[in-house]
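*Asks:* Input target14.txt, format and content: compact mmCIF, C-alpha atoms and all ligand atoms.
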```txt
# COMPACT_ATOMS: atom_id res chain seq x y z
CA MET A 1 100.18 134.42 104.31
CA VAL A 2 97.68 132.33 102.42
CA PRO A 3 99.44 130.11 99.84
CA ASP A 4 98.28 130.58 96.24
CA TRP A 5 96.81 127.06 96.17
CA VAL A 6 94.41 127.93 99.00
CA ILE A 7 91.19 129.94 98.83
CA GLU A 8 90.30 131.19 102.28
CA TYR A 9 86.94 132.04 103.83
CA ASP A 10 85.77 132.97 107.30
CA TYR A 11 82.67 131.33 108.76
CA HIS A 12 81.85 134.55 110.65
CA GLN A 13 81.65 136.49 107.41
CA GLY A 14 79.02 134.15 105.97
CA LEU A 15 79.58 131.44 103.39
CA ASP A 16 78.32 131.36 99.85
CA ALA A 17 77.61 127.69 99.18
CA LYS A 18 77.30 128.33 95.44
CA GLU A 19 80.75 129.85 95.30
CA ILE A 20 82.20 126.99 97.34
CA SER A 21 80.55 124.44 95.05
CA PHE A 22 81.91 126.30 92.03
CA HIS A 23 85.49 126.12 93.32
CA LEU A 24 85.11 122.46 94.27
CA GLU A 25 83.75 121.73 90.83
CA LYS A 26 86.84 123.33 89.30
CA GLY A 27 88.96 121.41 91.78
CA ILE A 28 92.08 123.53 91.48
CA ASN A 29 92.40 124.75 95.06
CA ILE A 30 92.10 123.67 98.64
CA LEU A 31 89.29 125.68 100.26
CA ARG A 32 89.95 126.66 103.85
CA ILE A 33 87.17 128.03 106.04
CA LYS A 34 88.37 129.65 109.26
CA ASN A 35 86.36 129.59 112.52
CA PHE A 36 84.07 126.74 111.51
CA PRO A 37 82.08 125.45 114.55
CA CYS A 38 83.36 122.04 115.69
CA GLU A 39 80.03 120.31 116.01
CA ASP A 40 79.03 117.22 114.01
CA LEU A 41 75.42 118.02 113.11
CA ASN A 42 76.05 121.55 111.92
CA TYR A 43 79.12 120.36 109.99
CA GLU A 44 77.19 117.62 108.21
CA LYS A 45 74.30 120.00 107.46
CA PHE A 46 76.74 122.36 105.78
CA ILE A 47 78.24 119.57 103.68
CA GLN A 48 74.73 118.48 102.68
CA VAL A 49 74.29 121.83 100.96
CA ILE A 50 77.20 121.14 98.61
CA GLY A 51 77.12 117.35 98.41
CA THR A 52 75.93 114.02 99.77
CA PRO A 53 77.92 112.68 102.72
CA VAL A 54 78.98 109.05 102.69
CA HIS A 55 77.57 107.18 105.67
CA GLU A 56 79.94 104.52 106.91
CA LEU A 57 79.54 102.13 109.82
CA ARG A 58 82.49 103.48 111.71
CA ASN A 59 81.26 107.07 111.60
CA ASN A 60 80.01 108.84 114.73
CA ASN A 61 76.47 107.63 115.62
CA GLY A 62 75.20 107.03 112.12
CA THR A 63 76.31 110.47 110.87
CA GLY A 64 78.60 111.28 107.95
CA VAL A 65 81.33 112.35 110.39
CA PHE A 66 84.35 110.26 111.37
CA ASP A 67 86.73 111.29 114.15
CA VAL A 68 90.33 111.04 112.99
CA LYS A 69 92.23 110.70 116.28
CA VAL A 70 94.64 108.27 117.89
CA ASN A 71 92.89 105.11 119.06
CA LYS A 72 95.29 102.40 120.15
CA LYS A 73 94.71 99.40 122.34
CA ALA A 74 97.75 97.40 123.38
CA GLU A 75 99.69 96.72 120.18
CA ALA A 76 97.18 97.71 117.53
CA PHE A 77 95.43 100.80 116.17
CA LYS A 78 91.70 100.91 115.44
CA SER A 79 92.48 101.95 111.86
CA LEU A 80 95.33 103.66 110.06
CA ALA A 81 93.53 107.00 110.34
CA ASN A 82 93.38 106.30 114.09
CA SER A 83 97.17 106.15 114.34
CA ASN A 84 99.80 108.84 114.82
CA LEU A 85 101.75 107.63 111.80
CA SER A 86 102.52 109.67 108.74
CA LEU A 87 100.10 108.90 105.92
CA PRO A 88 101.69 108.91 102.49
CA LEU A 89 99.89 110.85 99.73
CA HIS A 90 96.73 109.02 98.72
CA THR A 91 93.12 109.39 97.70
CA ASP A 92 90.34 108.09 99.98
CA CYS A 93 88.05 105.16 99.23
CA SER A 94 90.08 103.98 96.24
CA ASP A 95 88.37 100.57 96.52
CA PHE A 96 84.84 101.99 96.32
CA GLU A 97 82.79 101.35 93.23
CA LYS A 98 81.76 105.00 93.23
CA ILE A 99 84.58 107.02 94.74
CA PRO A 100 83.48 110.12 96.69
CA ASP A 101 84.86 113.16 94.88
CA GLY A 102 84.73 115.51 97.86
CA LEU A 103 86.52 115.48 101.18
CA GLY A 104 86.18 117.69 104.23
CA LEU A 105 88.55 117.78 107.20
CA LEU A 106 87.64 119.91 110.18
CA CYS A 107 90.42 120.52 112.68
CA VAL A 108 89.15 120.50 116.27
CA ASN A 109 92.65 120.19 117.67
CA ASN A 110 96.02 119.81 116.03
CA SER A 111 99.21 118.37 117.46
CA GLU A 112 101.88 120.79 118.67
CA GLN A 113 104.56 118.88 116.80
CA GLY A 114 104.07 117.39 113.35
CA GLY A 115 100.59 116.57 112.06
CA GLU A 116 100.82 118.87 109.03
CA SER A 117 98.33 118.10 106.25
CA THR A 118 99.96 117.36 102.91
CA PHE A 119 98.66 117.63 99.36
CA ALA A 120 99.73 117.13 95.75
CA PHE A 121 97.57 118.33 92.88
CA LEU A 122 96.98 116.05 89.92
CA LYS A 123 97.15 119.06 87.62
CA THR A 124 100.72 119.84 88.75
CA ILE A 125 101.77 116.19 88.55
CA LEU A 126 100.40 115.89 84.99
CA GLN A 127 102.30 118.98 83.86
CA GLU A 128 105.56 117.38 84.97
CA MET A 129 104.83 113.86 83.77
CA ASN A 130 106.19 112.71 80.42
CA PRO A 131 103.64 111.33 77.90
CA LEU A 132 104.97 107.79 78.20
CA GLN A 133 104.58 107.80 81.98
CA LEU A 134 101.04 109.09 81.65
CA GLU A 135 100.16 106.49 79.05
CA GLY A 136 101.48 103.77 81.34
CA LEU A 137 99.34 104.99 84.21
CA LEU A 138 96.23 105.21 82.05
CA ASP A 139 96.77 101.68 80.75
CA LYS A 140 97.93 99.58 83.66
CA LYS A 141 95.21 98.08 85.81
CA TRP A 142 95.87 97.68 89.51
CA HIS A 143 93.99 95.90 92.26
CA PHE A 144 92.32 98.25 94.69
CA ARG A 145 91.22 95.31 96.80
CA HIS A 146 88.03 94.12 95.07
CA GLN A 147 88.06 96.86 92.45
CA GLN A 148 90.33 96.84 89.45
CA GLY A 149 91.34 99.99 87.67
CA SER A 150 93.99 102.46 86.57
CA ILE A 151 95.68 104.98 88.81
CA ILE A 152 94.84 107.76 86.35
CA THR A 153 91.69 107.77 84.27
CA TYR A 154 90.40 110.13 81.62
CA GLU A 155 86.67 110.74 81.93
CA LYS A 156 84.55 113.35 80.19
CA GLY A 157 87.56 115.41 79.16
CA GLU A 158 89.12 115.34 82.62
CA TYR A 159 91.93 113.37 84.22
CA LYS A 160 91.23 111.82 87.61
CA ILE A 161 93.41 110.00 90.08
CA ARG A 162 93.00 107.17 92.54
CA PHE A 163 95.96 106.00 94.55
CA ASP A 164 96.40 104.36 97.90
CA ARG A 165 99.74 102.70 98.28
CA VAL A 166 98.86 101.16 101.67
CA LEU A 167 95.70 99.55 100.36
CA MET A 168 97.23 98.47 97.05
CA GLN A 169 100.15 96.80 98.77
CA SER A 170 98.42 95.42 101.87
CA PHE A 171 95.49 93.77 100.12
CA SER A 172 97.10 92.27 97.04
CA ASN A 173 100.20 90.32 96.16
CA LEU A 174 102.29 92.79 94.21
CA LYS A 175 105.22 91.62 92.16
CA ASN A 176 108.63 93.18 92.81
CA HIS A 177 108.55 95.27 89.64
CA GLU A 178 105.11 96.59 90.65
CA ILE A 179 106.44 97.59 94.07
CA ASP A 180 109.31 99.41 92.31
CA HIS A 181 106.77 101.11 90.06
CA LEU A 182 104.74 102.30 93.07
CA ASP A 183 107.93 103.43 94.84
CA ALA A 184 108.86 105.56 91.83
CA LEU A 185 105.37 106.98 91.62
CA GLY A 186 105.31 107.76 95.33
CA GLU A 187 108.61 109.61 94.92
CA LEU A 188 107.24 111.58 91.99
CA PHE A 189 104.15 112.62 93.98
CA GLU A 190 106.32 113.63 96.94
CA LYS A 191 108.21 116.05 94.69
CA TYR A 192 105.06 118.12 94.27
CA LYS A 193 103.93 117.87 97.89
CA VAL A 194 102.80 121.05 99.61
CA ASN A 195 101.79 121.26 103.22
CA MET A 196 99.69 123.26 105.60
CA LYS A 197 99.20 123.06 109.34
CA LEU A 198 95.55 123.37 110.25
CA GLU A 199 94.45 125.35 113.28
CA PRO A 200 91.42 124.61 115.47
CA GLY A 201 88.28 125.69 113.59
CA ASP A 202 89.87 125.31 110.15
CA LEU A 203 87.71 123.32 107.76
CA ILE A 204 89.38 122.31 104.51
CA LEU A 205 87.43 121.08 101.51
CA PHE A 206 89.01 119.57 98.42
CA ARG A 207 88.54 117.15 95.55
CA ASN A 208 89.41 113.56 96.41
CA ASP A 209 89.69 112.60 92.73
CA LEU A 210 91.96 115.50 91.71
CA THR A 211 94.14 115.89 94.79
CA LEU A 212 96.32 113.49 96.75
CA HIS A 213 96.39 114.10 100.48
CA GLY A 214 98.27 112.81 103.48
CA ARG A 215 99.70 113.91 106.79
CA GLU A 216 102.95 114.05 108.70
CA LYS A 217 103.62 111.94 111.74
CA PHE A 218 102.98 113.37 115.21
CA PRO A 219 103.74 112.21 118.78
CA GLN A 220 101.31 109.60 120.06
CA GLY A 221 100.30 111.50 123.20
CA GLU A 222 99.07 114.55 121.26
CA LYS A 223 95.34 115.28 121.34
CA ARG A 224 94.98 115.74 117.59
CA LEU A 225 91.37 115.51 116.38
CA PHE A 226 90.14 116.06 112.82
CA LYS A 227 86.56 115.43 111.77
CA ARG A 228 86.29 113.89 108.33
CA ILE A 229 83.33 113.88 105.94
CA ARG A 230 83.59 112.14 102.59
CA PHE A 231 80.95 113.28 100.12
CA HIS A 232 79.74 113.15 96.56
CA LEU A 233 79.49 116.59 95.03
CA LYS A 234 76.04 117.62 93.86
CA MET B 1 75.13 80.00 122.89
CA GLN B 2 74.58 80.24 119.15
CA ILE B 3 75.49 83.43 117.40
CA GLU B 4 75.54 84.59 113.83
CA TYR B 5 78.57 86.36 112.39
CA TRP B 6 79.23 88.12 109.11
CA LEU B 7 82.57 88.39 107.35
CA GLU B 8 83.67 89.50 103.91
CA ASP B 9 84.81 86.63 101.72
CA GLU B 10 87.68 86.89 99.26
CA SER B 11 85.52 88.45 96.58
CA GLY B 12 84.27 91.13 98.95
CA LYS B 13 80.83 89.59 99.47
CA MET B 14 79.44 89.57 102.99
CA VAL B 15 78.65 86.03 104.09
CA SER B 16 77.10 84.84 107.34
CA GLN B 17 77.46 81.71 109.42
CA VAL B 18 76.08 80.44 112.69
CA VAL B 19 78.47 79.13 115.35
CA ASP B 20 78.14 77.70 118.81
CA ILE B 21 80.24 79.47 121.44
CA GLU B 22 80.61 78.24 124.99
CA ILE B 23 79.88 81.34 126.99
CA GLU B 24 77.33 82.67 129.48
CA GLU B 25 75.13 85.60 128.45
CA GLN B 26 76.40 87.41 131.55
CA ALA B 27 79.88 87.53 130.03
CA SER B 28 81.06 90.65 128.24
CA ILE B 29 80.75 91.17 124.48
CA LYS B 30 84.53 91.55 124.44
CA GLU B 31 84.94 88.02 125.74
CA LEU B 32 82.45 86.73 123.19
CA ILE B 33 84.29 88.42 120.33
CA GLU B 34 87.61 86.95 121.48
CA LYS B 35 86.07 83.47 121.68
CA LEU B 36 84.41 83.94 118.28
CA HIS B 37 87.73 84.78 116.65
CA GLU B 38 89.36 81.79 118.31
CA LYS B 39 86.57 79.49 117.17
CA ILE B 40 86.56 80.60 113.52
CA GLY B 41 90.34 80.94 113.31
CA VAL B 42 90.36 84.59 112.26
CA SER B 43 93.02 86.83 113.80
CA MET B 44 91.82 89.78 115.90
CA TYR B 45 93.98 92.09 113.82
CA THR B 46 95.26 92.59 110.33
CA GLU B 47 98.58 93.99 109.17
CA LEU B 48 99.02 96.92 106.83
CA ILE B 49 102.21 97.83 105.04
CA VAL B 50 102.95 101.50 105.62
CA ASP B 51 106.30 102.82 104.42
CA LYS B 52 107.72 99.28 104.33
CA GLU B 53 106.70 98.80 107.95
CA ASN B 54 104.03 96.37 109.13
CA ILE B 55 101.39 98.06 111.28
CA LYS B 56 98.86 96.13 113.35
CA ILE B 57 95.22 97.18 113.03
CA TYR B 58 92.38 95.64 115.04
CA LEU B 59 89.43 94.37 113.07
CA SER B 60 86.25 96.31 113.87
CA HIS B 61 83.02 94.76 115.16
CA TYR B 62 79.40 95.79 114.84
CA VAL B 63 76.19 94.31 116.27
CA LYS B 64 72.86 94.14 114.43
CA VAL B 65 70.71 96.62 116.31
CA SER B 66 67.66 96.68 114.04
CA PRO B 67 65.91 94.30 111.64
CA ASP B 68 67.09 96.48 108.75
CA GLU B 69 69.59 94.79 106.43
CA HIS B 70 72.12 97.53 107.15
CA GLY B 71 71.12 97.97 110.79
CA TRP B 72 74.58 97.63 112.30
CA GLY B 73 75.69 99.57 115.35
CA GLY B 74 79.13 100.07 116.85
CA ILE B 75 80.15 98.64 120.22
CA ASP B 76 80.90 101.67 122.38
CA ASP B 77 81.45 99.72 125.57
CA SER B 78 82.98 96.30 125.11
CA SER B 79 82.48 95.44 128.81
CA ARG B 80 78.68 95.38 128.32
CA MET B 81 77.09 92.00 128.94
CA ILE B 82 76.05 89.88 125.97
CA LYS B 83 72.47 89.69 127.24
CA ASP B 84 72.14 93.47 126.94
CA PHE B 85 72.62 93.44 123.17
CA PRO B 86 69.63 93.14 120.82
CA LYS B 87 69.21 89.93 118.83
CA PHE B 88 68.31 90.77 115.25
CA GLY B 89 70.16 87.97 113.49
CA THR B 90 68.58 84.99 111.74
CA ASN B 91 66.18 83.12 114.08
CA GLY B 92 66.60 85.79 116.75
CA LEU B 93 70.31 85.20 117.24
CA LEU B 94 72.83 87.83 118.22
CA SER B 95 74.49 88.94 114.98
CA ILE B 96 78.05 90.30 114.78
CA TYR B 97 79.73 91.82 111.75
CA ILE B 98 83.51 91.53 111.67
CA GLU B 99 84.93 94.30 109.48
CA ASN B 100 88.16 93.09 107.95
CA GLY B 101 88.18 95.39 104.96
CA PRO B 102 90.41 98.22 103.83
CA GLY B 103 88.26 100.68 105.75
CA LEU B 104 90.82 99.90 108.43
CA GLY B 105 93.45 101.35 106.14
CA ASN B 106 92.16 104.89 105.88
FE FE A 301 92.70 110.03 103.62
```
Could the structure of this file be written out as structure tokens, please?
*Replies:*
Amino acid sequence: MVPDWVIEYDYHQGLDAKEISFHLEKGINILRIKNFPCEDLNYEKFIQVIGTPVHELRNNNGTGVFDVKVNKKAEAFKSLANSNLSLPLHTDCSDFEKIPDGLGLLCVNNSEQGGESTFAFLKTILQEMNPLQLEGLLDKKWHFRHQQGSIITYEKGEYKIRFDRVLMQSFSNLKNHEIDHLDALGELFEKYKVNMKLEPGDLILFRNDLTLHGREKFPQGEKRLFKRIRFHLK
Amino acid sequence: MQIEYWLEDESGKMVSQVVDIEIEEQASIKELIEKLHEKIGVSMYTELIVDKENIKIYLSHYVKVSPDEHGWGGIDDSSRMIKDFPKFGTNGLLSIYIENGPGLGN
């Protein structure tokens, strides 16, 4: 059964890029495309139709694609994405000056145990939040490493979110009351968490500025591989 | 040998410096990177706080592979000899970028 927060497509039945762009623009659902070919160039070409991929140094050979898989040498991981740890709900690139509003995750292989993808929609969170809480989040400025800003912003008639607990806590000296504040917020987000286990060939697309995402922990030996593209919607 | 390295400063600006490292060009890039970190006193890894736990993450390294300002390339094989890497830093030096940013966090 497809959950009501998911719109599902099948690659074999042809994809209408306009329709996909329309749904991403609205940003209410997670779009899931079944049977998407697991090949970097074709994947990036498809994303280029709906947006502009972000090219980062650590991506695969100068492409817009980054392999999210376990990469551990001795004691340390190559990055947090390259660990098997659970990732609390967050938005990507919260320290960027211009935050990519689109995110694609293509499942090449999932873990047998754990590894579920998790989401919480800003729209749902806002419905449950009391006005005082919302006001506080719009007002208070946090350090997202070198960027300063609010967790929730209101731009052009639309609320947007940026939140990355790991980054906010690891790269700045938070005061105890701020840590408590983030704890409470994390708990609130968790209350509205939904999850989905991707299967090989599933490509999910969603709004990075309207949806929090994360993942559940999985055993370190599992060959889980997701291909990530961050992009700016056209 | 002299090499150039780039590191983000506290304000997030990339700054470069030239250092002298005692190493043969036949040595591996891995060895050079270890010696570079030792010389400049920067740890090979950073720690992230995830669910109240401290997680070790290695810093990432890139080599300048073209004269372009953003011409950085990853090091796929850290056992490769230093002499096999292109030298596109200032004055034809080998140039290494040490990524210590939050990119490691997601
Ligand atoms: Fe993420």
*Asks:* Give me the residues within 10 Å of Pro88 in chain A as number ranges by chain, counting all atoms listed in the file and dropping any in the same chain fewer than 2 places off.
*Replies:* A: 85-86, 90-91, 118-119, 164-166, 186, 189-190, 212-217; B: 50-51
*Asks:* Export, as a PDB file, in the frame of the given file, the selected residues with C-alpha atoms.
*Replies:*
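And here is the file that came out, selection07.pdb:
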```pdb
ATOM      1  CA  LEU A  85     101.750 107.630 111.800  1.00  0.00           C
ATOM      2  CA  SER A  86     102.520 109.670 108.740  1.00  0.00           C
ATOM      3  CA  HIS A  90      96.730 109.020  98.720  1.00  0.00           C
ATOM      4  CA  THR A  91      93.120 109.390  97.700  1.00  0.00           C
ATOM      5  CA  THR A 118      99.960 117.360 102.910  1.00  0.00           C
ATOM      6  CA  PHE A 119      98.660 117.630  99.360  1.00  0.00           C
ATOM      7  CA  ASP A 164      96.400 104.360  97.900  1.00  0.00           C
ATOM      8  CA  ARG A 165      99.740 102.700  98.280  1.00  0.00           C
ATOM      9  CA  VAL A 166      98.860 101.160 101.670  1.00  0.00           C
ATOM     10  CA  GLY A 186     105.310 107.760  95.330  1.00  0.00           C
ATOM     11  CA  PHE A 189     104.150 112.620  93.980  1.00  0.00           C
ATOM     12  CA  GLU A 190     106.320 113.630  96.940  1.00  0.00           C
ATOM     13  CA  LEU A 212      96.320 113.490  96.750  1.00  0.00           C
ATOM     14  CA  HIS A 213      96.390 114.100 100.480  1.00  0.00           C
ATOM     15  CA  GLY A 214      98.270 112.810 103.480  1.00  0.00           C
ATOM     16  CA  ARG A 215      99.700 113.910 106.790  1.00  0.00           C
ATOM     17  CA  GLU A 216     102.950 114.050 108.700  1.00  0.00           C
ATOM     18  CA  LYS A 217     103.620 111.940 111.740  1.00  0.00           C
TER      19      LYS A 217
ATOM     20  CA  VAL B  50     102.950 101.500 105.620  1.00  0.00           C
ATOM     21  CA  ASP B  51     106.300 102.820 104.420  1.00  0.00           C
TER      22      ASP B  51
END
```
*Asks:* Which chain A residues are at most 6 Å from chain B (counting all atoms listed in the file), as a compact mmCIF listing (two decimals) with C-alpha atoms, in the coordinates of the input?
*Replies:*
```
# COMPACT_ATOMS: atom_id res chain seq x y z
CA ALA A 76 97.18 97.71 117.53
CA PHE A 77 95.43 100.80 116.17
CA LYS A 78 91.70 100.91 115.44
CA SER A 79 92.48 101.95 111.86
CA LEU A 80 95.33 103.66 110.06
CA ALA A 81 93.53 107.00 110.34
CA VAL A 166 98.86 101.16 101.67
CA SER A 170 98.42 95.42 101.87
```
*Asks:* Would you please work out which residue, of B:Ile82, B:Val18, B:Ile3, B:Leu94, is nearest to Lys30 in chain B when using all atoms listed in the file?
*Replies:* B:Ile82
*Asks:* Which one of B:Val65, B:Asn100, B:Ile21, B:Lys83 sits closest to Ile33 in chain B if you count all atoms listed in the file?
*Replies:*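 Checking each of B:Val65, B:Asn100, B:Ile21, B:Lys83 against Ile33 in chain B, counting all atoms listed in the file, the winner is B:Ile21.
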*Asks:* Could you list as a PDB file with C-alpha atoms, keeping the file's coordinate frame every residue that has an atom within 9 Å of (74.3, 88.3, 112.7), using the file's coordinates and counting all atoms listed in the file?
*Replies:*
```pdb
ATOM      1  CA  ILE B   3      75.490  83.430 117.400  1.00  0.00           C
ATOM      2  CA  GLU B   4      75.540  84.590 113.830  1.00  0.00           C
ATOM      3  CA  TYR B   5      78.570  86.360 112.390  1.00  0.00           C
ATOM      4  CA  TRP B   6      79.230  88.120 109.110  1.00  0.00           C
ATOM      5  CA  SER B  16      77.100  84.840 107.340  1.00  0.00           C
ATOM      6  CA  GLN B  17      77.460  81.710 109.420  1.00  0.00           C
ATOM      7  CA  VAL B  18      76.080  80.440 112.690  1.00  0.00           C
ATOM      8  CA  VAL B  63      76.190  94.310 116.270  1.00  0.00           C
ATOM      9  CA  LYS B  64      72.860  94.140 114.430  1.00  0.00           C
ATOM     10  CA  LYS B  87      69.210  89.930 118.830  1.00  0.00           C
ATOM     11  CA  PHE B  88      68.310  90.770 115.250  1.00  0.00           C
ATOM     12  CA  GLY B  89      70.160  87.970 113.490  1.00  0.00           C
ATOM     13  CA  THR B  90      68.580  84.990 111.740  1.00  0.00           C
ATOM     14  CA  LEU B  93      70.310  85.200 117.240  1.00  0.00           C
ATOM     15  CA  LEU B  94      72.830  87.830 118.220  1.00  0.00           C
ATOM     16  CA  SER B  95      74.490  88.940 114.980  1.00  0.00           C
ATOM     17  CA  ILE B  96      78.050  90.300 114.780  1.00  0.00           C
ATOM     18  CA  TYR B  97      79.730  91.820 111.750  1.00  0.00           C
TER      19      TYR B  97
END
```
*Asks:* Could you give me, as JSON, numbers by chain, the residues within 10 Å of range 21-36 of chain A, counting all atoms listed in the file and dropping anything in the same chain fewer than 5 positions from it?
*Replies:* {"A": [2, 3, 4, 5, 6, 7, 8, 9, 10, 11, 12, 13, 15, 16, 42, 43, 49, 50, 51, 101, 102, 103, 104, 105, 106, 107, 108, 119, 121, 122, 123, 124, 198, 199, 200, 201, 202, 203, 204, 205, 206, 207, 208, 209, 210, 211, 233, 234]}
*Asks:* Show which residues sit within 9 Å of Lys39 in chain B, as a PDB file with C-alpha atoms, keeping the file's coordinate frame. Count all atoms listed in the file, and ignore same-chain residues fewer than 2 positions away.
*Replies:*
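Okay, this is what ended up in around-v5.pdb:
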```pdb
ATOM      1  CA  VAL B  19      78.470  79.130 115.350  1.00  0.00           C
ATOM      2  CA  ASP B  20      78.140  77.700 118.810  1.00  0.00           C
ATOM      3  CA  ILE B  21      80.240  79.470 121.440  1.00  0.00           C
ATOM      4  CA  GLU B  34      87.610  86.950 121.480  1.00  0.00           C
ATOM      5  CA  LYS B  35      86.070  83.470 121.680  1.00  0.00           C
ATOM      6  CA  LEU B  36      84.410  83.940 118.280  1.00  0.00           C
ATOM      7  CA  HIS B  37      87.730  84.780 116.650  1.00  0.00           C
ATOM      8  CA  GLY B  41      90.340  80.940 113.310  1.00  0.00           C
ATOM      9  CA  VAL B  42      90.360  84.590 112.260  1.00  0.00           C
TER      10      VAL B  42
END
```
*Asks:* How many Å separate CA of Ser78 in chain B from CA of Phe66 in chain A?
*Replies:*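 It comes out at 19.6 Å.
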*Asks:* CA of Trp142 in chain A to CA of Ser172 in chain A: how many Å, to one decimal?
*Replies:*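 Calculated distance between CA of Trp142 in chain A and CA of Ser172 in chain A is 9.4 Å.
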*Asks:* One number please: CA of Ile47 in chain A to CA of Phe144 in chain A, in Å, one decimal.
*Replies:*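 Computed distance, CA of Ile47 in chain A to CA of Phe144 in chain A, equals 27.1 Å.
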*Asks:* Which one is closest to ligand FE 301 (chain A): A:Asp92, A:Asp183, A:Glu155, A:Glu116? Count only C-alpha atoms and all ligand atoms.
*Replies:*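 So, comparing all the options, the nearest one is A:Asp92.
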*Asks:* Between A:Asn82, A:Ile179, A:Pro131, A:Met196, which one has atoms that come closest to ligand FE 301 (chain A), using all atoms listed in the file?
*Replies:*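 Among the listed residues, A:Asn82 lies closest to ligand FE 301 (chain A).
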*Asks:* I need the residue nearest ligand FE 301 (chain A) from this list: A:Lys227, A:Lys193, A:His146, A:His232. Use all atoms listed in the file for the distance.
*Replies:*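 Distance minimum relative to ligand FE 301 (chain A) lands on A:Lys227.
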*Asks:* Which protein, DNA or RNA residues have an atom at most 6 Å from (97.7, 104.8, 87.9), counting only C-alpha atoms? List them as a PyMOL selection string.
*Replies:* chain A and resi 137+150-152
*Asks:* Point out the residue among B:Glu38, B:Glu22, B:Glu31, B:Glu8 with the least atom-to-atom distance to Met81 in chain B, counting only C-alpha atoms.
*Replies:*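 Closest candidate: B:Glu31.
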*Asks:* Name the residues in contact with Gln133 in chain A at a cut-off of 12 Å, using only C-alpha atoms, excluding same-chain residues fewer than 3 positions from it; report them as a list of chain:residue names.
*Replies:* A:Ile125, A:Leu126, A:Gln127, A:Glu128, A:Met129, A:Asn130, A:Gly136, A:Leu137, A:Leu138, A:Asp139, A:Lys140, A:Ile151, A:Ile152, A:His181, A:Ala184, A:Leu185, A:Leu188
